[in-house]
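Down below is the structure, laid out as structure tokens.
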Amino acid sequence: MKIVVVGTGYVGLVTGACLAEVGTEVICIDVNKEKIANLQKGILPIYEPGLDVIVERNYKKGRLRFSTNIEEAIKGAQIAFIAVGTPPGEDGSADLKYVLQVADQVGTYMDGYLIVVTKSTVPVGTASKVKKTIKAALEKRNAALEFDVASNPEFLKEGAAVDDFLKPDRIVIGVENEKAKSLLRQLYEPFVLNGHPVLFMDIPSAEMTKYAANAMLATKISFMNEIANLCERVGANVNEVRNGIGSDPRIGNRFIYPGIGYGGSCFPKDVKALIRTAREYEYNMRILQSVEDVNDDQKKVMFEKIKKHYNGDIAGKTFCIWGLSFKPQTDDMREAPSLVLIDALHEAGAKVQAYDPVAMNEAEHLLHGKASLKKDETAAAENADAIILVTEWPEFRLPDWDSIIKKMKGRVMFDGRNIYNNEEMKRLGFIYHGIGKETKD
Ligand code: UDX
């Protein structure tokens, strides 16, 4: 089988590399010449644990190739994945410009039966737009070639994407006929040897599944953030409450950790897009609108706590920030709570010193000097009045407290992810503020 993956972003690269890893011949396409040249040298555009190893291995074996020539790649291919970006437009809807451009190219260059699979997260109805675009391109060149479209949403978590792809909980595929179903089943056979299901369904349901999954997870988080905010007010501890409700299997103990808001490339974008889709069908997604509003407010919760602690007197204070990426194990800072917090601190006249184990390059581009970036967590704490834990990287769990404390000016900890406990912090001499926990100082 010859597989083409168009788009070497996060989804495309993981898809291409993991398909090659089980022995499939894959060619990854991108319009960005520099990106392709780098990939050919083994330089990856993103940080994702384990990805570099499988890219290198499969590239060396010749099973994984990188090219900018989509025409050559499409000829003779059996399956083409569209994994290009769908950036949110001003109104929150996903912009399908790139997806449909690829569909047009596929229709222009294909020379035999082909399944065109949308892998990017796209609104319900996109596969049918892709189909129309390919048809139009084929008609333009008077070619009567057979093709099918399919929808195969990804459920990859950044930081665990390779594992998620190689050992998925489930694979969701929307198809229109048996022919496409059987070819795609064959492609995914090596990934479901562990007995997890390949769920075939109609195309709109597959497209909807992706949004429903992310919207449900975002809802759990915003719900817990509200419970945490209320816990603080009534004097309860959200950690206890979380354990208390999470042990009910109907609720489950995952994705109920409160914090300073969800970020990343998926939740914010997909929640917005689903609200927007609903509006197009004249339906108002009330719960999801609140999920989004709560999240926007939650990103400001830590700043409010800081303001309260210092009675509004923040100007001239120095804050040390640990963690900048939207979550650990990634350098991704899209929609990261750190950006909102740093903006607010900067605006209030505070000095910010920050450190992240991998997102320093990203930070350099995004922060425009609003924070000075330090080489490690100890350097970031130098002369600081307080530490703000923003991203729960494992290395922040047991830092070298002795040297950190010696360097600090004040001794306050704002823990945005509840990774420390009050007793421990008190023993170290910190005044501690968590999320959804009463502050006992
Ligand atoms: C998510 C989905 O998990 C994945 O299935 C989908 O394909 C893409 O979106 P990702 O964005 O990589 O993946 O990160 P995830 O680990 O899900 O975390 C998302 C955000 O939620 C992070 O900002 C994280 O800090 C936050 N979060 C997560 C919480 O605040 N509390 C939790 O309990 C879990």
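In the structure tokens, chains take the letters A, B, ... in the order shown, each chain's residues start at 1, and ligands count up from 1 in the order shown.
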
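Once only C-alpha atoms and all ligand atoms are used for the distance check, the residues close to ligand 1 at 6 Å turn out to be Glu154, Phe155, Leu156, Lys157, Glu158, Asn214, Ile221, Phe255, Ile256, Tyr257, Pro258, Gly259, Gly261, Tyr262, Gly263, Gly264, Ser265, Cys266, Phe267, Phe326 and Lys327 of chain A.
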
Save the residues we just selected, C-alpha atoms, as a compact mmCIF listing (two decimals), in the first residue's frame?
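Printed below is result_30.txt as written:
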```
# COMPACT_ATOMS: atom_id res chain seq x y z
CA GLU A 154 -7.32 11.65 15.64
CA PHE A 155 -7.45 11.55 19.42
CA LEU A 156 -3.77 12.20 20.05
CA LYS A 157 -2.66 13.90 23.22
CA GLU A 158 0.38 16.09 22.87
CA ASN A 214 -13.03 17.13 23.10
CA ILE A 221 -12.36 20.53 33.29
CA PHE A 255 -9.79 14.93 33.49
CA ILE A 256 -11.23 16.28 36.70
CA TYR A 257 -8.11 18.13 37.84
CA PRO A 258 -8.78 21.80 38.43
CA GLY A 259 -6.12 24.27 37.41
CA GLY A 261 -7.63 26.67 32.61
CA TYR A 262 -7.18 24.38 29.65
CA GLY A 263 -5.12 25.47 26.66
CA GLY A 264 -3.53 23.83 23.65
CA SER A 265 -4.45 23.48 20.04
CA CYS A 266 -7.55 21.36 20.49
CA PHE A 267 -9.90 22.17 23.34
CA PHE A 326 0.04 24.63 27.97
CA LYS A 327 0.80 21.30 29.63
```

Out of region 117-234 of chain A, which residues get alpha helix (DSSP H) from DSSP, as JSON, numbers by chain?
-> {"A": [126, 127, 128, 129, 130, 131, 132, 133, 134, 135, 136, 137, 138, 139, 140, 161, 162, 163, 164, 165, 166, 178, 179, 180, 181, 182, 183, 184, 185, 186, 187, 188, 203, 204, 205, 206, 207, 208, 209, 210, 211, 212, 213, 214, 215, 216, 217, 218, 219, 220, 221, 222, 223, 224, 225, 226, 227, 228, 229, 230, 231, 232, 233, 234]}

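The shell of residues at most 10 Å from Arg411 (chain A), with only C-alpha atoms counted and near chain neighbours (fewer than 2 positions) removed, consists of Ala384, Asp385, Ala386, Ile387, Ile405, Met408, Lys409, Met413, Met425, Lys426, Leu428, Gly429, Phe430, Ile431 and Tyr432 of chain A.
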
File dump, residues just selected, N, CA and C atoms, as a CSV table (one decimal), in the first residue's frame:
```
chain,number,residue,atom,x,y,z
A,384,ALA,N,13.2,36.6,43.5
A,384,ALA,CA,11.7,36.6,43.3
A,384,ALA,C,11.0,36.8,44.6
A,385,ASP,N,9.9,37.5,44.5
A,385,ASP,CA,9.0,37.7,45.7
A,385,ASP,C,8.1,36.4,45.9
A,386,ALA,N,7.8,35.8,44.7
A,386,ALA,CA,6.9,34.6,44.8
A,386,ALA,C,7.2,33.7,43.6
A,387,ILE,N,6.9,32.4,43.7
A,387,ILE,CA,6.9,31.5,42.6
A,387,ILE,C,5.5,31.2,42.2
A,405,ILE,N,15.3,28.6,47.9
A,405,ILE,CA,14.9,29.5,48.9
A,405,ILE,C,15.9,30.5,49.3
A,408,MET,N,15.7,33.4,46.9
A,408,MET,CA,14.5,34.2,46.8
A,408,MET,C,14.5,35.4,47.7
A,409,LYS,N,13.7,36.4,47.4
A,409,LYS,CA,13.5,37.6,48.2
A,409,LYS,C,12.3,37.3,49.2
A,413,MET,N,4.2,30.9,47.4
A,413,MET,CA,4.0,30.0,46.3
A,413,MET,C,2.5,30.0,45.8
A,425,MET,N,4.7,23.0,52.0
A,425,MET,CA,5.1,24.3,51.7
A,425,MET,C,5.3,25.2,53.0
A,426,LYS,N,4.4,24.9,53.9
A,426,LYS,CA,4.5,25.6,55.2
A,426,LYS,C,5.8,25.3,55.9
A,428,LEU,N,8.5,24.5,54.5
A,428,LEU,CA,9.6,25.2,53.8
A,428,LEU,C,9.5,26.7,54.0
A,429,GLY,N,8.5,27.2,54.7
A,429,GLY,CA,8.4,28.6,55.0
A,429,GLY,C,7.6,29.4,54.0
A,430,PHE,N,6.9,28.7,53.1
A,430,PHE,CA,6.2,29.4,52.1
A,430,PHE,C,4.8,29.7,52.6
A,431,ILE,N,4.2,30.9,52.2
A,431,ILE,CA,2.8,31.1,52.2
A,431,ILE,C,2.3,30.4,50.9
A,432,TYR,N,1.3,29.6,51.1
A,432,TYR,CA,0.9,28.8,49.9
A,432,TYR,C,-0.5,29.1,49.5
```

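Residues in contact with Gly252 (chain A) at up to 12 Å, not including ones fewer than 4 positions away on its chain and judged by only C-alpha atoms, are Leu217, Lys220, Arg242, Asn243, Gly244, Ile245, Gly246, Ser247, Asp248, Ile256 and Tyr257 of chain A.
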
Taking 3 positions as the minimum chain separation for residues in the same chain, which residues sit within 8 Å of region 205-212 of chain A when counting only C-alpha atoms? Answer as a compact mmCIF listing (two decimals) with C-alpha atoms, in the first residue's frame.
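The new file selection03.txt reads:
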```
# COMPACT_ATOMS: atom_id res chain seq x y z
CA THR A 121 -10.18 18.13 12.93
CA VAL A 122 -12.85 19.44 10.62
CA PRO A 123 -16.48 20.44 11.06
CA VAL A 124 -19.31 18.11 10.23
CA GLY A 125 -19.87 18.27 6.50
CA SER A 151 -13.18 10.71 7.97
CA ASN A 152 -10.67 9.42 10.49
CA PRO A 153 -10.37 11.85 13.41
CA GLU A 154 -7.32 11.65 15.64
CA PHE A 155 -7.45 11.55 19.42
CA VAL A 172 -13.01 6.00 14.58
CA ILE A 173 -13.56 5.85 10.83
CA GLY A 174 -16.43 7.32 8.88
CA MET A 201 -19.69 4.62 11.19
CA ASP A 202 -21.17 7.10 8.75
CA ALA A 215 -16.08 19.14 24.18
CA MET A 216 -16.92 16.57 26.84
CA ASP A 270 -12.88 22.67 19.03
CA VAL A 271 -15.21 24.05 21.69
CA LEU A 274 -18.76 23.28 17.83
```

Tell me which protein, DNA and RNA residues are within 8 Å of region 39-56 of chain A, counting only C-alpha atoms, leaving out same-chain ones fewer than 5 positions away, and put them as a list in words.
-> Gly9, Tyr10, Val14, Ala17, Cys18, Glu21, Leu64, Arg65, Phe66, Glu158, Gly159, Ala160, Ala161, Val162, Gln329, Thr330 and Asp331 of chain A

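Distance annotation: of A:Glu71, A:Asp95, A:Glu90, A:Glu304, the residue with the minimal separation from Tyr109 (chain A) is A:Glu71; atom set is only C-alpha atoms.
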
Can you work out the spacing between CA of Val294 (chain A) and CA of Ile260 (chain A) in Å, to one decimal?
-> 10.4 Å

Atom-to-atom span, CA of Lys179 (chain A) and CA of Phe200 (chain A), Å = 12.5 Å

Tell me, as number ranges by chain, which residues lie within 7 Å of Arg170 (chain A), counting only C-alpha atoms; anything in the same chain fewer than 2 positions away does not count.
-> A: 168, 172, 196-198

Within 10 Å of region 73-85 of chain A, which residues of region 161-184 of chain A come that close, and what is the closest atom pair and distance in Å for each? Count only C-alpha atoms and give it as a Markdown table.
```
| residue | atom | partner | partner_atom | distance |
| --- | --- | --- | --- | --- |
| A:Ala180 | CA | A:Ile79 | CA | 9.5 |
| A:Leu183 | CA | A:Ile79 | CA | 8.7 |
| A:Leu184 | CA | A:Ile79 | CA | 8.5 |
```

For the selection you just gave me, I'd like the residues written to a file as a compact mmCIF listing (two decimals), in the first residue's frame, keeping C-alpha atoms.
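Output saved as out.txt:
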```txt
# COMPACT_ATOMS: atom_id res chain seq x y z
CA ALA A 180 -13.24 2.01 1.64
CA LEU A 183 -8.99 -0.97 2.77
CA LEU A 184 -8.92 1.20 5.89
```
